[in-house]
Amino acid sequence: MEKKLLLWDIDGTLIWGGGGGERALLRAMKTSFGIETRLENVDYSGRTDKMIGKMLLEYHQLPASEENLHIFIESYLENLSQEISRGETRIHPGILPIINAVRERKDLLQGLLTGNMVRGARIKLTHFDLWHYFEFGAFADDSHIRNEIAPHALRRGKEKAEYEFPPEHVFVIGDTPHDIECGKIIGAKTIAVATGTYSYEQLASHAPTAVFKDLSDTAEFFAVIDF
Ligand SMILES: [Mg+2]
């Protein structure tokens, strides 16, 4: 049987965390280093948690040493558990019907490809009861550089399925140009969705395989997968 692999980004793609992740990053800077900062000080969208920490430390002229990054990440994860339960959050339109349908199909496998640390991803997705949909993933634990994470996702997908997915049967689904770029690096098809911080037009300009305003039209989504 021919099989296909779907690799999902989390923030802005599957869910909107109501700013909980952002608040946890800022609280980590405050509690660990006594620094009041703004994420807008760095180009944080689509970056890994660890890279955001590195950029914030450097912006405030603190050494982005392994030790400081470790302190930052531990504090972030601690704060995230609290912040994700505070305020409004949502699963993006169409996600539940799509991931349910994918789970029912023997020819499709879905995993995560995200800049979150694995523990952060689990905290966020457990909050929405989505964690159990994904049988494997690649995370910021694999590398703090987004483009280096994608090959790990592909390799784990192959191991899980015991199947050599041809590149054109791999789909990277995300809400930023970084997702499109990291998908292209592994030769995958890319599906961009404008439910995050980038507009439909901005995403379209990076030439993904397909771009959607949101994924509420399940049939349109599967038309791309089942080409
Ligand atoms: Mg995202």
# chains A, B, ... in the order shown; residues from 1 in each chain; ligands from 1
$ residues_near_ligand --ligand "ligand 1" --cutoff "10 Å" --atoms "only C-alpha atoms and all ligand atoms" --output "PyMOL selection string"
chain A and resi 8-16+45-48+113-116+173-179+192-198
$ write_last_selection --atoms "C-alpha atoms" --output "mmCIF file, in the first residue's frame"
data_model
loop_
_atom_site.group_PDB
_atom_site.id
_atom_site.type_symbol
_atom_site.label_atom_id
_atom_site.label_comp_id
_atom_site.auth_asym_id
_atom_site.auth_seq_id
_atom_site.Cartn_x
_atom_site.Cartn_y
_atom_site.Cartn_z
ATOM 1 C CA TRP A 8 2.019 19.192 11.597
ATOM 2 C CA ASP A 9 3.240 22.438 13.094
ATOM 3 C CA ILE A 10 1.477 23.298 16.383
ATOM 4 C CA ASP A 11 1.135 27.025 17.125
ATOM 5 C CA GLY A 12 -0.985 28.928 14.629
ATOM 6 C CA THR A 13 -1.660 25.703 12.713
ATOM 7 C CA LEU A 14 -3.374 23.220 15.051
ATOM 8 C CA ILE A 15 -4.141 25.619 17.859
ATOM 9 C CA TRP A 16 -4.145 29.161 19.155
ATOM 10 C CA SER A 45 7.477 33.809 14.770
ATOM 11 C CA GLY A 46 8.106 30.244 13.592
ATOM 12 C CA ARG A 47 11.324 29.992 15.639
ATOM 13 C CA THR A 48 12.108 27.234 18.120
ATOM 14 C CA LEU A 113 7.170 18.971 13.294
ATOM 15 C CA THR A 114 7.480 21.878 15.653
ATOM 16 C CA GLY A 115 9.810 24.400 17.206
ATOM 17 C CA ASN A 116 8.372 23.531 20.626
ATOM 18 C CA ILE A 173 1.621 21.773 7.278
ATOM 19 C CA GLY A 174 2.330 25.097 8.948
ATOM 20 C CA ASP A 175 1.439 28.747 9.339
ATOM 21 C CA THR A 176 4.763 30.511 8.644
ATOM 22 C CA PRO A 177 7.344 30.867 5.847
ATOM 23 C CA HIS A 178 9.717 28.905 8.132
ATOM 24 C CA ASP A 179 7.413 25.870 7.891
ATOM 25 C CA ALA A 192 0.436 26.764 4.401
ATOM 26 C CA VAL A 193 -2.508 27.971 6.463
ATOM 27 C CA ALA A 194 -3.152 31.601 7.366
ATOM 28 C CA THR A 195 -4.499 30.960 10.877
ATOM 29 C CA GLY A 196 -1.306 32.245 12.501
ATOM 30 C CA THR A 197 0.527 35.528 12.169
ATOM 31 C CA TYR A 198 1.014 35.480 8.366
#
$ select_by_dssp --residues "segment 69-153 of chain A" --states "strand (DSSP E or B)" --output "PyMOL selection string"
chain A and resi 90-91+108-113+137-138
$ closest_atom_pairs --of "segment 103-189 of chain A" --to "segment 51-74 of chain A" --cutoff "9 Å" --atoms "only C-alpha atoms" --output "CSV"
residue,atom,partner,partner_atom,distance
A:Gly115,CA,A:Met51,CA,8.7
A:Met117,CA,A:Ile73,CA,8.5
A:Ala140,CA,A:Met51,CA,8.7
A:His144,CA,A:Met51,CA,5.6
A:Ile145,CA,A:Met51,CA,7.0
A:Arg146,CA,A:Met51,CA,8.8
$ select_by_dssp --residues "segment 176-213 of chain A" --states "alpha helix (DSSP H)" --output "MDAnalysis selection string"
chainID A and resid 177:185 200:204
$ write_last_selection --atoms "C-alpha atoms" --output "CSV table (one decimal), in the first residue's frame"
chain,number,residue,atom,x,y,z
A,177,PRO,CA,7.3,30.9,5.8
A,178,HIS,CA,9.7,28.9,8.1
A,179,ASP,CA,7.4,25.9,7.9
A,180,ILE,CA,7.3,26.2,4.1
A,181,GLU,CA,11.1,26.5,4.0
A,182,CYS,CA,11.8,23.5,6.3
A,183,GLY,CA,9.3,21.4,4.3
A,184,LYS,CA,11.1,22.2,1.0
A,185,ILE,CA,14.5,21.3,2.6
A,200,TYR,CA,-2.7,34.3,2.9
A,201,GLU,CA,-0.9,36.6,0.5
A,202,GLN,CA,2.3,36.6,2.5
A,203,LEU,CA,2.3,32.8,2.7
A,204,ALA,CA,1.4,32.5,-1.0
$ residues_around --residues "Lys124 of chain A" --least-positions-apart "6" --cutoff "8 Å" --atoms "only C-alpha atoms" --output "list in words"
Gly17, Ser81 and Ile84 of chain A
$ residues_around --residues "Asn79 of chain A" --least-positions-apart "5" --cutoff "8 Å" --atoms "only C-alpha atoms" --output "short mmCIF file (atom, residue, chain, number, x, y, z; two decimals) with C-alpha atoms, in the first residue's frame"
data_model
loop_
_atom_site.label_atom_id
_atom_site.label_comp_id
_atom_site.auth_asym_id
_atom_site.auth_seq_id
_atom_site.Cartn_x
_atom_site.Cartn_y
_atom_site.Cartn_z
CA ALA A 24 5.46 31.89 29.50
CA LEU A 25 8.51 32.96 27.45
CA ARG A 27 7.84 35.22 32.45
CA ALA A 28 10.88 32.96 32.01
#
$ residues_around --residues "Gly187 of chain A" --least-positions-apart "6" --cutoff "9 Å" --atoms "only C-alpha atoms" --output "ChimeraX atom specification"
/A:167-168,170
$ atom_distance --atom1 "atom CA of Ala210 of chain A" --atom2 "atom CA of Gly20 of chain A"
29.0 Å
$ atom_distance --atom1 "atom CA of Leu112 of chain A" --atom2 "atom CA of Leu130 of chain A"
11.3 Å
$ closest_atom_pairs --of "segment 38-123 of chain A" --to "segment 163-166 of chain A" --cutoff "12 Å" --atoms "only C-alpha atoms" --output "Markdown table"
| residue | atom | partner | partner_atom | distance |
| --- | --- | --- | --- | --- |
| A:Asp107 | CA | A:Tyr163 | CA | 10.7 |
| A:Leu108 | CA | A:Phe165 | CA | 10.6 |
| A:Leu109 | CA | A:Phe165 | CA | 10.4 |
$ write_last_selection --atoms "C-alpha atoms" --output "mmCIF file, in the first residue's frame"
data_model
loop_
_atom_site.group_PDB
_atom_site.id
_atom_site.type_symbol
_atom_site.label_atom_id
_atom_site.label_comp_id
_atom_site.auth_asym_id
_atom_site.auth_seq_id
_atom_site.Cartn_x
_atom_site.Cartn_y
_atom_site.Cartn_z
ATOM 1 C CA ASP A 107 -2.501 4.915 4.280
ATOM 2 C CA LEU A 108 -1.805 8.088 6.288
ATOM 3 C CA LEU A 109 0.493 8.705 9.235
#
$ atom_distance --atom1 "atom CA of Glu22 of chain A" --atom2 "atom CA of Leu125 of chain A"
15.6 Å
$ decode --residues "segment 74-117 of chain A" --atoms "N, CA and C atoms" --output "mmCIF file, in the first residue's frame"
data_model
loop_
_atom_site.group_PDB
_atom_site.id
_atom_site.type_symbol
_atom_site.label_atom_id
_atom_site.label_comp_id
_atom_site.auth_asym_id
_atom_site.auth_seq_id
_atom_site.Cartn_x
_atom_site.Cartn_y
_atom_site.Cartn_z
ATOM 1 N N GLU A 74 13.782 25.625 31.231
ATOM 2 C CA GLU A 74 13.125 25.016 32.405
ATOM 3 C C GLU A 74 12.079 25.963 32.981
ATOM 4 N N SER A 75 12.433 27.246 33.066
ATOM 5 C CA SER A 75 11.513 28.236 33.600
ATOM 6 C C SER A 75 10.304 28.418 32.668
ATOM 7 N N TYR A 76 10.576 28.417 31.371
ATOM 8 C CA TYR A 76 9.502 28.536 30.371
ATOM 9 C C TYR A 76 8.482 27.401 30.529
ATOM 10 N N LEU A 77 8.970 26.163 30.648
ATOM 11 C CA LEU A 77 8.070 25.003 30.732
ATOM 12 C C LEU A 77 7.232 25.048 32.005
ATOM 13 N N GLU A 78 7.869 25.495 33.088
ATOM 14 C CA GLU A 78 7.155 25.630 34.357
ATOM 15 C C GLU A 78 6.026 26.656 34.223
ATOM 16 N N ASN A 79 6.335 27.787 33.600
ATOM 17 C CA ASN A 79 5.347 28.844 33.427
ATOM 18 C C ASN A 79 4.263 28.456 32.426
ATOM 19 N N LEU A 80 4.636 27.657 31.412
ATOM 20 C CA LEU A 80 3.692 27.292 30.355
ATOM 21 C C LEU A 80 2.490 26.509 30.895
ATOM 22 N N SER A 81 2.747 25.574 31.812
ATOM 23 C CA SER A 81 1.655 24.768 32.379
ATOM 24 C C SER A 81 0.591 25.666 32.989
ATOM 25 N N GLN A 82 1.029 26.747 33.629
ATOM 26 C CA GLN A 82 0.065 27.666 34.245
ATOM 27 C C GLN A 82 -0.577 28.569 33.202
ATOM 28 N N GLU A 83 0.239 29.117 32.310
ATOM 29 C CA GLU A 83 -0.260 30.130 31.368
ATOM 30 C C GLU A 83 -1.243 29.558 30.339
ATOM 31 N N ILE A 84 -1.061 28.287 29.929
ATOM 32 C CA ILE A 84 -1.917 27.724 28.886
ATOM 33 C C ILE A 84 -3.367 27.565 29.389
ATOM 34 N N SER A 85 -3.532 27.445 30.701
ATOM 35 C CA SER A 85 -4.873 27.290 31.274
ATOM 36 C C SER A 85 -5.532 28.628 31.557
ATOM 37 N N ARG A 86 -4.780 29.692 31.364
ATOM 38 C CA ARG A 86 -5.298 31.030 31.639
ATOM 39 C C ARG A 86 -5.823 31.659 30.356
ATOM 40 N N GLY A 87 -7.044 32.168 30.412
ATOM 41 C CA GLY A 87 -7.558 32.904 29.257
ATOM 42 C C GLY A 87 -8.052 32.009 28.143
ATOM 43 N N GLU A 88 -8.387 32.642 27.046
ATOM 44 C CA GLU A 88 -9.052 31.982 25.934
ATOM 45 C C GLU A 88 -8.044 31.249 25.046
ATOM 46 N N THR A 89 -8.401 30.050 24.611
ATOM 47 C CA THR A 89 -7.569 29.296 23.664
ATOM 48 C C THR A 89 -8.515 28.613 22.676
ATOM 49 N N ARG A 90 -7.998 28.157 21.538
ATOM 50 C CA ARG A 90 -8.882 27.393 20.641
ATOM 51 C C ARG A 90 -8.092 26.483 19.699
ATOM 52 N N ILE A 91 -8.833 25.451 19.241
ATOM 53 C CA ILE A 91 -8.335 24.591 18.171
ATOM 54 C C ILE A 91 -8.793 25.253 16.876
ATOM 55 N N HIS A 92 -7.934 25.361 15.886
ATOM 56 C CA HIS A 92 -8.294 26.069 14.658
ATOM 57 C C HIS A 92 -9.354 25.316 13.846
ATOM 58 N N PRO A 93 -10.100 26.042 13.006
ATOM 59 C CA PRO A 93 -11.196 25.447 12.236
ATOM 60 C C PRO A 93 -10.724 24.279 11.365
ATOM 61 N N GLY A 94 -11.497 23.208 11.379
ATOM 62 C CA GLY A 94 -11.227 22.067 10.501
ATOM 63 C C GLY A 94 -10.217 21.068 11.030
ATOM 64 N N ILE A 95 -9.460 21.450 12.054
ATOM 65 C CA ILE A 95 -8.384 20.572 12.536
ATOM 66 C C ILE A 95 -8.928 19.239 13.058
ATOM 67 N N LEU A 96 -9.945 19.305 13.922
ATOM 68 C CA LEU A 96 -10.451 18.060 14.512
ATOM 69 C C LEU A 96 -10.980 17.082 13.466
ATOM 70 N N PRO A 97 -11.858 17.517 12.536
ATOM 71 C CA PRO A 97 -12.296 16.561 11.506
ATOM 72 C C PRO A 97 -11.132 16.012 10.682
ATOM 73 N N ILE A 98 -10.142 16.835 10.385
ATOM 74 C CA ILE A 98 -9.015 16.355 9.572
ATOM 75 C C ILE A 98 -8.172 15.330 10.332
ATOM 76 N N ILE A 99 -7.779 15.654 11.556
ATOM 77 C CA ILE A 99 -6.886 14.714 12.265
ATOM 78 C C ILE A 99 -7.629 13.437 12.653
ATOM 79 N N ASN A 100 -8.940 13.541 12.867
ATOM 80 C CA ASN A 100 -9.736 12.327 13.100
ATOM 81 C C ASN A 100 -9.772 11.459 11.852
ATOM 82 N N ALA A 101 -9.991 12.104 10.692
ATOM 83 C CA ALA A 101 -10.057 11.361 9.432
ATOM 84 C C ALA A 101 -8.711 10.715 9.114
ATOM 85 N N VAL A 102 -7.624 11.443 9.357
ATOM 86 C CA VAL A 102 -6.279 10.905 9.089
ATOM 87 C C VAL A 102 -6.042 9.680 9.966
ATOM 88 N N ARG A 103 -6.439 9.765 11.220
ATOM 89 C CA ARG A 103 -6.220 8.650 12.149
ATOM 90 C C ARG A 103 -6.959 7.377 11.702
ATOM 91 N N GLU A 104 -8.096 7.564 11.044
ATOM 92 C CA GLU A 104 -8.889 6.410 10.577
ATOM 93 C C GLU A 104 -8.296 5.752 9.334
ATOM 94 N N ARG A 105 -7.419 6.460 8.620
ATOM 95 C CA ARG A 105 -6.910 5.924 7.352
ATOM 96 C C ARG A 105 -5.587 5.184 7.530
ATOM 97 N N LYS A 106 -5.554 3.984 7.000
ATOM 98 C CA LYS A 106 -4.349 3.148 7.125
ATOM 99 C C LYS A 106 -3.200 3.672 6.242
ATOM 100 N N ASP A 107 -3.534 4.451 5.218
ATOM 101 C CA ASP A 107 -2.501 4.915 4.280
ATOM 102 C C ASP A 107 -1.887 6.243 4.699
ATOM 103 N N LEU A 108 -2.346 6.802 5.834
ATOM 104 C CA LEU A 108 -1.805 8.088 6.288
ATOM 105 C C LEU A 108 -1.236 7.962 7.694
ATOM 106 N N LEU A 109 -0.108 8.634 7.908
ATOM 107 C CA LEU A 109 0.493 8.705 9.235
ATOM 108 C C LEU A 109 0.704 10.184 9.551
ATOM 109 N N GLN A 110 0.369 10.600 10.783
ATOM 110 C CA GLN A 110 0.584 12.008 11.130
ATOM 111 C C GLN A 110 1.451 12.154 12.375
ATOM 112 N N GLY A 111 2.358 13.096 12.270
ATOM 113 C CA GLY A 111 3.252 13.394 13.381
ATOM 114 C C GLY A 111 3.413 14.897 13.527
ATOM 115 N N LEU A 112 4.263 15.290 14.469
ATOM 116 C CA LEU A 112 4.485 16.707 14.737
ATOM 117 C C LEU A 112 5.854 17.139 14.209
ATOM 118 N N LEU A 113 5.907 18.347 13.706
ATOM 119 C CA LEU A 113 7.170 18.971 13.294
ATOM 120 C C LEU A 113 7.098 20.401 13.800
ATOM 121 N N THR A 114 7.734 20.638 14.938
ATOM 122 C CA THR A 114 7.480 21.878 15.653
ATOM 123 C C THR A 114 8.732 22.434 16.318
ATOM 124 N N GLY A 115 8.732 23.727 16.495
ATOM 125 C CA GLY A 115 9.810 24.400 17.206
ATOM 126 C C GLY A 115 9.647 24.352 18.711
ATOM 127 N N ASN A 116 8.549 23.713 19.185
ATOM 128 C CA ASN A 116 8.372 23.531 20.626
ATOM 129 C C ASN A 116 9.329 22.464 21.137
ATOM 130 N N MET A 117 9.718 22.571 22.401
ATOM 131 C CA MET A 117 10.370 21.453 23.067
ATOM 132 C C MET A 117 9.314 20.363 23.219
#
